[in-house]
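Printed here is start.csv (CSV, C-alpha atoms):
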chain,number,residue,atom,x,y,z
A,1292,MET,CA,127.9,108.1,90.0
A,1293,ILE,CA,125.5,105.3,90.7
A,1294,THR,CA,122.9,105.3,93.5
A,1295,ASP,CA,121.8,102.2,95.3
A,1296,THR,CA,118.4,103.2,96.7
A,1297,HIS,CA,118.0,100.0,98.8
A,1298,SER,CA,120.7,98.0,100.5
A,1299,HIS,CA,120.9,96.3,103.9
A,1300,ILE,CA,124.6,97.0,104.4
A,1301,TYR,CA,124.2,96.4,108.2
A,1302,SER,CA,123.2,92.8,107.6
A,1303,GLU,CA,125.0,90.0,109.5
A,1304,GLU,CA,125.9,88.5,106.1
A,1305,PHE,CA,128.6,91.3,105.8
A,1306,SER,CA,130.0,90.8,109.3
A,1307,ASN,CA,133.3,89.4,108.0
A,1308,ASP,CA,134.0,91.8,105.2
A,1309,ARG,CA,131.8,94.9,105.5
A,1310,ASP,CA,134.5,97.4,104.9
A,1311,GLU,CA,135.8,95.6,101.9
A,1312,MET,CA,132.2,95.2,100.6
A,1313,MET,CA,131.8,99.0,100.9
A,1314,GLN,CA,135.1,99.7,99.1
A,1315,ARG,CA,134.1,97.4,96.2
A,1316,ALA,CA,130.9,99.5,95.8
A,1317,PHE,CA,132.9,102.7,95.8
A,1318,ASP,CA,135.3,101.3,93.3
A,1319,MET,CA,132.4,100.5,90.9
A,1320,GLY,CA,131.1,104.1,91.2
A,1321,VAL,CA,128.4,103.5,93.8
A,1322,GLN,CA,128.6,106.7,95.8
A,1323,ARG,CA,125.2,106.9,97.4
A,1324,ILE,CA,123.6,104.0,99.4
A,1325,PHE,CA,120.2,104.4,100.9
A,1326,VAL,CA,119.6,102.0,103.8
A,1327,PRO,CA,116.2,100.8,104.8
A,1328,SER,CA,115.2,99.9,108.4
A,1329,ILE,CA,113.7,96.6,109.5
A,1330,ASP,CA,112.9,97.0,113.2
A,1331,SER,CA,114.5,98.6,116.3
A,1332,THR,CA,117.0,95.8,116.8
A,1333,TYR,CA,119.0,96.9,113.7
A,1334,THR,CA,118.9,100.6,114.4
A,1335,GLN,CA,122.2,100.9,116.2
A,1336,LYS,CA,124.0,99.1,113.4
A,1337,MET,CA,122.5,101.5,110.9
A,1338,TYR,CA,123.7,104.5,112.9
A,1339,GLU,CA,127.2,103.0,113.1
A,1340,MET,CA,127.3,102.6,109.3
A,1341,GLU,CA,126.1,106.2,108.8
A,1342,ALA,CA,128.8,107.5,111.2
A,1343,GLN,CA,131.5,105.5,109.4
A,1344,TYR,CA,130.4,106.6,105.9
A,1345,PRO,CA,128.6,110.0,106.4
A,1346,GLU,CA,129.1,111.1,102.8
A,1347,ASN,CA,127.7,107.8,101.3
A,1348,VAL,CA,125.2,106.3,103.6
A,1349,PHE,CA,121.6,107.7,104.0
A,1350,LEU,CA,119.2,106.1,106.4
A,1351,MET,CA,115.5,105.4,106.4
A,1352,MET,CA,113.3,104.7,109.4
A,1353,GLY,CA,110.4,102.3,109.5
A,1354,LEU,CA,109.0,98.9,110.5
A,1355,HIS,CA,109.3,96.1,107.9
A,1356,PRO,CA,106.0,94.3,107.3
A,1357,THR,CA,107.4,90.8,108.1
A,1358,TYR,CA,108.5,92.2,111.4
A,1359,VAL,CA,105.0,93.3,112.4
A,1360,LYS,CA,104.6,91.0,115.4
A,1361,GLU,CA,102.8,91.1,118.8
A,1362,ASN,CA,104.9,94.2,119.8
A,1363,TYR,CA,104.2,96.2,116.6
A,1364,GLU,CA,102.7,99.1,118.5
A,1365,ASP,CA,105.9,99.4,120.5
A,1366,GLU,CA,107.9,99.3,117.3
A,1367,LEU,CA,105.7,102.0,115.7
A,1368,THR,CA,106.2,104.1,118.8
A,1369,PHE,CA,110.0,103.6,118.4
A,1370,VAL,CA,109.7,104.7,114.7
A,1371,ALA,CA,107.8,107.8,115.6
A,1372,THR,CA,110.2,108.7,118.4
A,1373,GLU,CA,113.3,108.3,116.2
A,1374,LEU,CA,111.7,110.5,113.5
A,1375,GLY,CA,111.2,113.2,116.0
A,1376,ARG,CA,114.7,112.9,117.3
A,1377,ARG,CA,116.9,113.1,114.2
A,1378,LYS,CA,117.0,113.3,110.4
A,1379,PHE,CA,116.1,110.5,108.1
A,1380,HIS,CA,115.7,110.5,104.3
A,1381,ALA,CA,112.6,108.2,103.9
A,1382,ILE,CA,110.1,106.1,105.8
A,1383,GLY,CA,110.9,102.5,104.9
A,1384,GLU,CA,110.8,99.8,104.3
A,1385,ILE,CA,107.1,99.6,104.9
A,1386,GLY,CA,104.2,97.8,103.2
A,1387,ILE,CA,102.5,94.4,103.2
A,1388,ASP,CA,104.0,90.9,102.8
A,1389,LEU,CA,101.7,87.9,102.5
A,1390,PHE,CA,104.4,85.5,101.4
A,1391,TRP,CA,105.6,84.5,104.8
A,1392,ASP,CA,102.6,85.1,107.0
A,1393,LYS,CA,99.0,85.9,106.2
A,1394,SER,CA,97.8,85.8,109.8
A,1395,ARG,CA,98.8,89.4,110.5
A,1396,LEU,CA,97.3,91.2,107.5
A,1397,LYS,CA,95.3,93.5,109.7
A,1398,GLU,CA,98.3,94.5,111.8
A,1399,GLN,CA,100.4,95.0,108.6
A,1400,GLN,CA,97.7,97.2,107.2
A,1401,ILE,CA,97.6,99.3,110.3
A,1402,ALA,CA,101.3,99.7,110.4
A,1403,PHE,CA,101.5,100.6,106.7
A,1404,ARG,CA,98.9,103.3,107.0
A,1405,ARG,CA,100.3,104.6,110.2
A,1406,GLN,CA,103.7,105.0,108.7
A,1407,ILE,CA,102.3,106.7,105.6
A,1408,GLN,CA,100.8,109.2,107.9
A,1409,LEU,CA,104.3,109.7,109.5
A,1410,ALA,CA,105.8,110.2,106.1
A,1411,LYS,CA,103.2,113.0,105.3
A,1412,GLN,CA,103.8,114.6,108.7
A,1413,TYR,CA,107.6,114.7,108.2
A,1414,LYS,CA,107.4,115.4,104.4
A,1415,LEU,CA,109.4,112.3,103.6
A,1416,PRO,CA,109.1,109.7,100.8
A,1417,ILE,CA,108.1,106.1,101.5
A,1418,ASN,CA,109.9,103.0,100.5
A,1419,ILE,CA,107.3,100.2,99.8
A,1420,HIS,CA,107.9,96.5,100.4
A,1421,CYS,CA,105.2,94.4,98.6
A,1422,ARG,CA,105.3,90.6,98.3
A,1423,ASP,CA,102.2,88.6,97.2
A,1424,ALA,CA,100.2,91.7,98.2
A,1425,PHE,CA,99.7,94.0,95.3
A,1426,ASP,CA,96.0,94.4,95.8
A,1427,GLU,CA,96.3,95.1,99.5
A,1428,VAL,CA,99.1,97.6,99.0
A,1429,PHE,CA,97.3,99.4,96.2
A,1430,GLU,CA,94.1,99.6,98.2
A,1431,ILE,CA,95.9,101.6,100.9
A,1432,LEU,CA,98.0,103.6,98.4
A,1433,GLU,CA,94.9,104.7,96.5
A,1434,GLU,CA,93.1,105.8,99.6
A,1435,GLU,CA,96.2,107.7,100.9
A,1436,LYS,CA,97.1,109.1,97.5
A,1437,SER,CA,97.9,112.8,97.6
A,1438,GLU,CA,100.5,115.4,96.5
A,1439,ASP,CA,102.3,114.9,99.8
A,1440,LEU,CA,102.8,111.2,99.3
A,1441,TRP,CA,105.6,109.9,97.1
A,1442,GLY,CA,108.4,107.4,97.1
A,1443,ILE,CA,109.7,104.1,95.7
A,1444,PHE,CA,108.0,100.8,95.0
A,1445,HIS,CA,111.0,98.7,96.2
A,1446,CYS,CA,111.9,95.6,94.3
A,1447,PHE,CA,109.1,96.0,91.8
A,1448,THR,CA,108.1,92.6,90.4
A,1449,GLY,CA,104.6,93.4,89.1
A,1450,ASN,CA,103.2,93.5,85.6
A,1451,TYR,CA,103.0,96.5,83.2
A,1452,GLU,CA,99.5,97.6,84.5
A,1453,GLN,CA,100.7,97.4,88.1
A,1454,ALA,CA,103.8,99.5,87.1
A,1455,LEU,CA,101.6,102.2,85.7
A,1456,GLN,CA,99.4,102.1,88.8
A,1457,ALA,CA,102.4,102.5,91.1
A,1458,ILE,CA,103.6,105.4,89.0
A,1459,SER,CA,100.1,107.0,89.1
A,1460,CYS,CA,100.5,106.9,92.9
A,1461,ASN,CA,103.6,109.0,92.6
A,1462,MET,CA,106.0,106.1,93.1
A,1463,LYS,CA,109.1,105.3,91.2
A,1464,LEU,CA,110.0,101.7,90.5
A,1465,GLY,CA,112.9,100.2,92.3
A,1466,ILE,CA,114.7,97.9,89.8
A,1467,GLY,CA,117.3,95.4,91.0
A,1468,GLY,CA,118.6,92.0,90.3
A,1469,VAL,CA,115.2,90.6,89.3
A,1470,VAL,CA,115.5,92.4,85.9
A,1471,THR,CA,118.4,90.2,85.0
A,1472,PHE,CA,116.5,86.9,85.8
A,1473,LYS,CA,115.3,84.8,82.9
A,1474,ASN,CA,112.0,84.3,84.7
A,1475,GLY,CA,111.9,87.8,86.2
A,1476,LYS,CA,109.4,89.0,83.5
A,1477,ILE,CA,109.8,92.7,84.2
A,1478,ASP,CA,112.4,92.9,81.5
A,1479,GLN,CA,109.7,92.1,78.9
A,1480,PHE,CA,107.9,95.5,79.4
A,1481,LEU,CA,110.3,97.7,81.3
A,1482,HIS,CA,111.4,99.5,78.2
A,1483,GLN,CA,107.8,100.7,77.8
A,1484,ILE,CA,108.2,102.6,81.1
A,1485,ASP,CA,109.7,106.1,80.9
A,1486,ILE,CA,113.1,105.8,82.5
A,1487,LYS,CA,112.3,108.9,84.5
A,1488,ASN,CA,110.3,106.6,86.7
A,1489,ILE,CA,113.1,104.1,87.4
A,1490,VAL,CA,115.6,104.0,90.3
A,1491,LEU,CA,118.3,101.4,90.9
A,1492,GLU,CA,118.6,99.1,93.9
A,1493,THR,CA,120.3,95.9,95.0
A,1494,ASP,CA,118.3,94.8,98.2
A,1495,ALA,CA,121.7,93.4,99.2
A,1496,PRO,CA,122.4,90.9,100.6
A,1497,TYR,CA,119.3,89.5,98.8
A,1498,LEU,CA,118.4,89.0,95.1
A,1499,ALA,CA,121.8,89.1,93.5
A,1500,PRO,CA,121.7,89.7,89.8
A,1501,ILE,CA,123.0,87.3,87.1
A,1502,PRO,CA,125.8,86.1,87.2
A,1503,TYR,CA,125.7,86.0,91.0
A,1504,ARG,CA,122.2,84.7,91.4
A,1505,GLY,CA,121.9,82.5,94.5
A,1506,LYS,CA,124.9,84.1,96.1
A,1507,ARG,CA,125.2,87.0,98.5
A,1508,ASN,CA,124.3,90.3,96.9
A,1509,GLU,CA,126.2,93.5,97.5
A,1510,SER,CA,126.0,97.1,96.3
A,1511,ALA,CA,128.9,96.7,93.8
A,1512,TYR,CA,126.7,94.3,91.8
A,1513,ILE,CA,124.4,97.1,90.9
A,1514,VAL,CA,126.5,97.6,87.8
A,1515,ASN,CA,125.0,94.4,86.4
A,1516,VAL,CA,121.6,96.0,86.7
A,1517,VAL,CA,122.9,99.1,85.0
A,1518,GLN,CA,124.2,96.9,82.1
A,1519,LYS,CA,120.8,95.2,81.8
A,1520,LEU,CA,118.9,98.5,81.7
A,1521,ALA,CA,121.4,99.9,79.1
A,1522,GLN,CA,120.4,97.0,76.9
A,1523,LEU,CA,116.7,97.4,77.5
A,1524,TYR,CA,116.6,101.2,76.9
A,1525,ASN,CA,119.4,101.2,74.3
A,1526,LEU,CA,121.3,103.8,76.2
A,1527,PRO,CA,124.9,104.1,77.4
A,1528,GLU,CA,125.5,102.7,80.9
A,1529,THR,CA,126.8,106.2,81.9
A,1530,GLU,CA,123.5,107.7,81.0
A,1531,ILE,CA,121.5,105.0,82.9
A,1532,ALA,CA,123.6,105.8,85.9
A,1533,ALA,CA,123.1,109.6,85.6
A,1534,ILE,CA,119.4,109.4,84.9
A,1535,THR,CA,118.6,107.0,87.7
A,1536,THR,CA,120.7,109.0,90.2
A,1537,GLU,CA,118.9,112.1,89.3
A,1538,ASN,CA,115.6,110.3,89.8
A,1539,SER,CA,116.8,109.2,93.2
A,1540,ARG,CA,117.6,112.9,94.0
A,1541,GLN,CA,114.0,113.8,93.1
A,1542,VAL,CA,112.7,111.2,95.6
A,1543,PHE,CA,115.0,111.8,98.5
A,1544,GLY,CA,115.7,115.5,98.0
A,1545,ILE,CA,119.5,115.1,98.1

Translate the structure described by the file into structure tokens.
Amino acid sequence: MITDTHSHIYSEEFSNDRDEMMQRAFDMGVQRIFVPSIDSTYTQKMYEMEAQYPENVFLMMGLHPTYVKENYEDELTFVATELGRRKFHAIGEIGIDLFWDKSRLKEQQIAFRRQIQLAKQYKLPINIHCRDAFDEVFEILEEEKSEDLWGIFHCFTGNYEQALQAISCNMKLGIGGVVTFKNGKIDQFLHQIDIKNIVLETDAPYLAPIPYRGKRNESAYIVNVVQKLAQLYNLPETEIAAITTENSRQVFGI
């Protein structure tokens, strides 16, 4: 069994072949897919995917940092309302992104911290999005660090020291297609990180692994990440799948 801890299966990019895409994932052994939220406009599509695949699809709730706009207070109210209304498996994806827009850093910081508080309130893990913002994310994580805060550092692309810092904040590292890139760099030190701190993800439809780089990603392609980790850790692919799935169980509780 393989667990994809981060896949946007509701994306418009799967509109023409969503069911076939899901079947390809199942055929490759991907039995658990955790689905991050972006903002309220995608929520109904998430619920529909969960209803169609109740044994395989597990939802998160949160406001993505690049969707922190003028209405972010309304969006945070929506997040809080949904959390009080039904069950989710994590708060995410949340965090800070300074790649696309640096003008809303303050608002992103407020949203990140507010959603961390919701995670603690509901005893849920967090799923962190960080792009060009390691210092800003770690500043808040270090301030909020406690036994009741844990989760996944999604799409980890930092260096060895940042990996250790994320782990010290009770985060596991979400490893996806980037580990297969020649310029991805994380493959140079990842074997030094205890595999108990690693979970698998695709971030589909983004960041497809080699040999699909530049094309649409999907959950089935996570097997290419498994193959790469098997090389890095000198372990059988079946063991990589088993260990990382167990790690995901520790995070999500299921």

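The list of residues with at least one atom within 12 Å of Gln1453 of chain A, based on all atoms listed in the file and without residues fewer than 6 positions apart in the same chain, reads Cys1421, Ala1424, Phe1425, Asp1426, Val1428, Phe1429, Phe1444, Phe1447, Ser1459, Cys1460, Met1462, Lys1463, Leu1464, Ile1477, Phe1480, Leu1481 and Ile1484 of chain A.
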
Q.
Residues proximal to (126.5, 106.0, 102.0) were defined as those with any atom within 8 Å of that point in the file's coordinates, counting only C-alpha atoms. Which are they, as a list of chain:residue names?
A.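 Checking each residue against the 8 Å limit leaves A:Gln1322, A:Arg1323, A:Ile1324, A:Phe1325, A:Glu1341, A:Tyr1344, A:Pro1345, A:Glu1346, A:Asn1347, A:Val1348, A:Phe1349.
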
Q) Nearest to Arg1504 of chain A among A:Ala1316, A:Ile1387, A:Leu1396, A:Val1469, with distances taken over only C-alpha atoms: which residue is it? A)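 Answer, going by the shortest atom-to-atom distance: A:Val1469.
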
Q: Counting all atoms listed in the file, figure out which residue out of A:Met1352, A:Ile1501, A:Ile1419, A:Val1542 gets nearest to Gly1375 of chain A.
A: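 Of all the options, A:Met1352 lies closest to Gly1375 of chain A.
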
Q. Atom CA of Ala1495 of chain A and atom CA of Glu1509 of chain A are how many Å apart?
A.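 Taking atom CA of Ala1495 of chain A as the start and atom CA of Glu1509 of chain A as the end point, the length is 4.8 Å.
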
Q) In file coordinates, which residues lie within 9 Å of (116.0, 102.3, 93.7) using only C-alpha atoms, given as a PyMOL selection string? A) chain A and resi 1294-1297+1325+1443-1446+1463-1467+1489-1493+1535-1536+1538-1539

Would you mind exporting the chosen residues as a short mmCIF file (atom, residue, chain, number, x, y, z; two decimals), in the frame of the given file, restricted to C-alpha atoms?
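The resulting part.cif:
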data_model
loop_
_atom_site.label_atom_id
_atom_site.label_comp_id
_atom_site.auth_asym_id
_atom_site.auth_seq_id
_atom_site.Cartn_x
_atom_site.Cartn_y
_atom_site.Cartn_z
CA THR A 1294 122.90 105.30 93.50
CA ASP A 1295 121.80 102.20 95.30
CA THR A 1296 118.40 103.20 96.70
CA HIS A 1297 118.00 100.00 98.80
CA PHE A 1325 120.20 104.40 100.90
CA ILE A 1443 109.70 104.10 95.70
CA PHE A 1444 108.00 100.80 95.00
CA HIS A 1445 111.00 98.70 96.20
CA CYS A 1446 111.90 95.60 94.30
CA LYS A 1463 109.10 105.30 91.20
CA LEU A 1464 110.00 101.70 90.50
CA GLY A 1465 112.90 100.20 92.30
CA ILE A 1466 114.70 97.90 89.80
CA GLY A 1467 117.30 95.40 91.00
CA ILE A 1489 113.10 104.10 87.40
CA VAL A 1490 115.60 104.00 90.30
CA LEU A 1491 118.30 101.40 90.90
CA GLU A 1492 118.60 99.10 93.90
CA THR A 1493 120.30 95.90 95.00
CA THR A 1535 118.60 107.00 87.70
CA THR A 1536 120.70 109.00 90.20
CA ASN A 1538 115.60 110.30 89.80
CA SER A 1539 116.80 109.20 93.20
#

Q: Enter the distance from atom CA of Gln1343 of chain A to atom CA of Val1359 of chain A, in Å, rounded to one decimal.
A: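 Distance between the two atoms: 29.3 Å.
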
(Q) My list of candidates is A:His1355, A:Arg1315, A:His1299, A:His1482. Which is closest to Ser1331 of chain A when distances are computed with all atoms listed in the file? (A)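 Among the listed residues, the smallest separation from Ser1331 of chain A belongs to A:His1355.
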
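Ranking A:Ser1328, A:Thr1471, A:Gln1541, A:Asn1461 by their shortest atom-to-atom distance to Gln1518 of chain A, with all atoms listed in the file included, puts A:Thr1471 first.
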
**Q.** Using all atoms listed in the file: which of A:Ile1431, A:Glu1537, A:Gly1442, A:Tyr1451 has the shortest distance to Asn1418 of chain A
**A.**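 Closest candidate: A:Gly1442.
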
(Q) What's around Lys1360 of chain A at 10 Å? Count all atoms listed in the file, leave out sequence neighbours fewer than 3 positions away in its own chain, and write the answer as a list in words. (A)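 Surrounding residues, per the criterion: Pro1356, Thr1357, Tyr1363, Glu1364, Asp1365, Glu1366, Arg1395, Glu1398 and Gln1399 of chain A.
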
Could you turn the residues from that selection into a file that holds C-alpha atoms, as a short mmCIF file (atom, residue, chain, number, x, y, z; two decimals), in the frame of the given file?
data_model
loop_
_atom_site.label_atom_id
_atom_site.label_comp_id
_atom_site.auth_asym_id
_atom_site.auth_seq_id
_atom_site.Cartn_x
_atom_site.Cartn_y
_atom_site.Cartn_z
CA PRO A 1356 106.00 94.30 107.30
CA THR A 1357 107.40 90.80 108.10
CA TYR A 1363 104.20 96.20 116.60
CA GLU A 1364 102.70 99.10 118.50
CA ASP A 1365 105.90 99.40 120.50
CA GLU A 1366 107.90 99.30 117.30
CA ARG A 1395 98.80 89.40 110.50
CA GLU A 1398 98.30 94.50 111.80
CA GLN A 1399 100.40 95.00 108.60
#

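Non-sequential neighbours of Leu1367 of chain A (distance at most 8 Å, separation of 3 or more positions within a chain, only C-alpha atoms) are Gly1353, Leu1354, Tyr1363, Glu1364, Val1370, Ala1371, Ala1402 and Gln1406 of chain A.
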
**Q.** Distance query segment 1529-1534 of chain A at most 7 Å, all atoms listed in the file, self and fewer than 4 positions along chain excluded, as a list in words
**A.**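 The residues satisfying every condition are Met1292, Ile1293, Val1517, Ala1521 and Asn1538 of chain A.
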
Q: Would you kindly return, as a VMD selection string, each protein, DNA or RNA residue with an atom no farther than 10 Å from any atom of Phe1305 of chain A, considering only C-alpha atoms and excluding same-chain residues fewer than 3 positions away?
A: chain A and resid 1299 to 1302 1308 to 1313 1495 to 1496 1507 to 1509

Q: In Å, rounded to a single decimal, give me how far atom CA of Gly1475 of chain A is from atom CA of Gln1522 of chain A.
A: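 Atom-to-atom, atom CA of Gln1522 of chain A to atom CA of Gly1475 of chain A, that is 15.6 Å.
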
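Closest approach to Ser1510 of chain A from the set A:Met1351, A:Leu1498, A:Arg1422, A:Glu1430 is made by A:Leu1498, with distances taken over all atoms listed in the file.
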